[in-house]
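Inspection log for the structure reproduced underneath, given as structure tokens.
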Amino acid sequence: MFLKKLLFVITLYILILVFFQCTCLLYADRIQAFSSINAGLQYKLNTNRNSFHDFWKHDIGIKGFIETPFYFGCIQAGIQMDSFLRINYKVYDFQTVNLYVGWGKKWLLPYNFKCFTGFNIGNALMIFDEEKNQYEDQYNIEQELRTGIELYFSIPIQKKMDIYLTESYSVIYTYHRIRLNFISVGISYSFTTPKWFREFMK
């Protein structure tokens, strides 16, 4: 059942990406693979509510990422860290550290604005705060699969710097699925990679 759902989600978003590729061909940004690296940092805010939020509320979230052109799109890798505070006394506060990789398509829009849509997959490390005693460790740690999709717009503020506005949705595959929607804002810096690096990566 899990694999069927995962394959359905991946297939759906590949079809969406192909659709945007066809409709936005006039704005396609034809650049060589690994020709540049864009590094960014964002502040995240959880915006949805479901049964998960009866037990926890989102406190602080940050995201760091790097992305580079990769033939028919962009590849992205990053880390997301979130803190959740308990509402129900029966549970504990916890933090998540998400390492992920992803792929998506970026289009150049008028006035040098850019749009990106893509999906990612990674590992969610969940660290629960627990009271320490002589028999137990201080922290209870779990690792789970995490998948996500995102859409962002970047607005240039300098030649190599952009403001990022991101909408993202992720699922952490615990026994009871954790589904979270985030909006994020941040800044990124781009730089051209040297020729030897491009040749090495190819």
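How things are named: the first chain in the structure tokens is A, the next is B, and so on; residues count from 1 in each chain; ligands count from 1 in the order shown.
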What's around Gln158 (chain A) at 12 Å? Count only C-alpha atoms, leave out sequence neighbours fewer than 6 positions away in its own chain, and write the answer as number ranges by chain. A: 112, 187-190
Determine, counting only C-alpha atoms, which protein, DNA and RNA residues have an atom within 6 Å of an atom of Val185 (chain A); residues of the same chain fewer than 5 positions away are not included. Present the result as a ChimeraX atom specification. /A:42-43,164-165
Could you go through region 87-197 of chain A and tell me which residues DSSP, when run on the backbone, assigns to strand (DSSP E or B), listing them as a ChimeraX atom specification? /A:94-108,114-129,139-156,161-172,178-192
Based on the selection just made, write C-alpha atoms of those residues as a short mmCIF file (atom, residue, chain, number, x, y, z; two decimals), in the first residue's frame.
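This is the output file out-v9.cif:
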data_model
loop_
_atom_site.label_atom_id
_atom_site.label_comp_id
_atom_site.auth_asym_id
_atom_site.auth_seq_id
_atom_site.Cartn_x
_atom_site.Cartn_y
_atom_site.Cartn_z
CA PHE A 94 10.73 16.87 19.78
CA GLN A 95 12.98 18.17 17.02
CA THR A 96 13.35 16.91 13.46
CA VAL A 97 16.45 17.00 11.28
CA ASN A 98 15.58 16.25 7.65
CA LEU A 99 18.30 15.49 5.11
CA TYR A 100 16.97 15.35 1.58
CA VAL A 101 17.71 15.35 -2.13
CA GLY A 102 15.31 16.43 -4.84
CA TRP A 103 14.73 17.30 -8.45
CA GLY A 104 12.62 19.96 -10.10
CA LYS A 105 12.26 22.41 -12.92
CA LYS A 106 13.03 26.11 -12.84
CA TRP A 107 11.70 28.69 -15.29
CA LEU A 108 12.82 32.21 -15.96
CA LYS A 114 12.19 32.61 -11.30
CA CYS A 115 9.74 29.84 -10.49
CA PHE A 116 10.60 26.32 -9.33
CA THR A 117 8.47 23.25 -8.71
CA GLY A 118 9.77 19.86 -7.70
CA PHE A 119 9.75 16.94 -5.31
CA ASN A 120 12.23 15.57 -2.80
CA ILE A 121 12.85 12.54 -0.63
CA GLY A 122 14.95 12.07 2.45
CA ASN A 123 15.40 10.90 6.00
CA ALA A 124 13.66 12.44 9.00
CA LEU A 125 15.58 12.11 12.25
CA MET A 126 13.14 12.72 15.12
CA ILE A 127 14.67 13.49 18.51
CA PHE A 128 12.24 13.37 21.45
CA ASP A 129 13.05 15.14 24.71
CA TYR A 139 16.80 11.26 24.14
CA ASN A 140 14.60 8.86 22.22
CA ILE A 141 15.53 8.92 18.54
CA GLU A 142 13.52 7.68 15.56
CA GLN A 143 14.29 7.70 11.83
CA GLU A 144 11.58 7.73 9.19
CA LEU A 145 11.18 8.20 5.45
CA ARG A 146 10.09 11.67 4.40
CA THR A 147 8.80 12.89 1.02
CA GLY A 148 7.89 16.40 -0.05
CA ILE A 149 6.91 18.73 -2.85
CA GLU A 150 7.57 22.43 -3.13
CA LEU A 151 6.92 25.51 -5.20
CA TYR A 152 8.97 28.68 -4.87
CA PHE A 153 9.40 32.09 -6.44
CA SER A 154 12.69 33.94 -6.32
CA ILE A 155 12.94 37.72 -6.60
CA PRO A 156 16.32 39.27 -7.48
CA MET A 161 21.25 37.42 -4.53
CA ASP A 162 17.55 36.54 -4.44
CA ILE A 163 14.69 36.57 -1.98
CA TYR A 164 12.91 33.22 -1.84
CA LEU A 165 9.21 32.64 -1.13
CA THR A 166 8.38 28.94 -0.79
CA GLU A 167 5.29 26.81 -0.34
CA SER A 168 6.02 23.17 0.60
CA TYR A 169 4.16 20.07 1.71
CA SER A 170 5.79 17.05 3.32
CA VAL A 171 4.82 13.67 4.73
CA ILE A 172 6.78 11.81 7.41
CA ILE A 178 2.67 13.39 9.86
CA ARG A 179 1.51 15.78 7.13
CA LEU A 180 2.87 19.31 7.32
CA ASN A 181 2.51 22.37 5.12
CA PHE A 182 5.04 25.18 5.36
CA ILE A 183 5.57 28.63 3.96
CA SER A 184 9.16 29.84 3.99
CA VAL A 185 11.02 33.05 3.30
CA GLY A 186 14.74 33.49 2.93
CA ILE A 187 17.68 34.61 0.86
CA SER A 188 20.06 32.87 -1.53
CA TYR A 189 23.41 33.57 -3.15
CA SER A 190 24.53 32.17 -6.52
CA PHE A 191 28.03 31.73 -7.89
CA THR A 192 29.53 30.29 -11.05
#
Long-range neighbours of region 57-67 of chain A as number ranges by chain, 6 Å cut-off, only C-alpha atoms, 6 positions minimum in chain: A: 37-44, 75-85
Members of region 22-184 of chain A assigned helix (DSSP H, G or I) by DSSP, as number ranges by chain: A: 22-23, 25-27, 51-54, 110-112
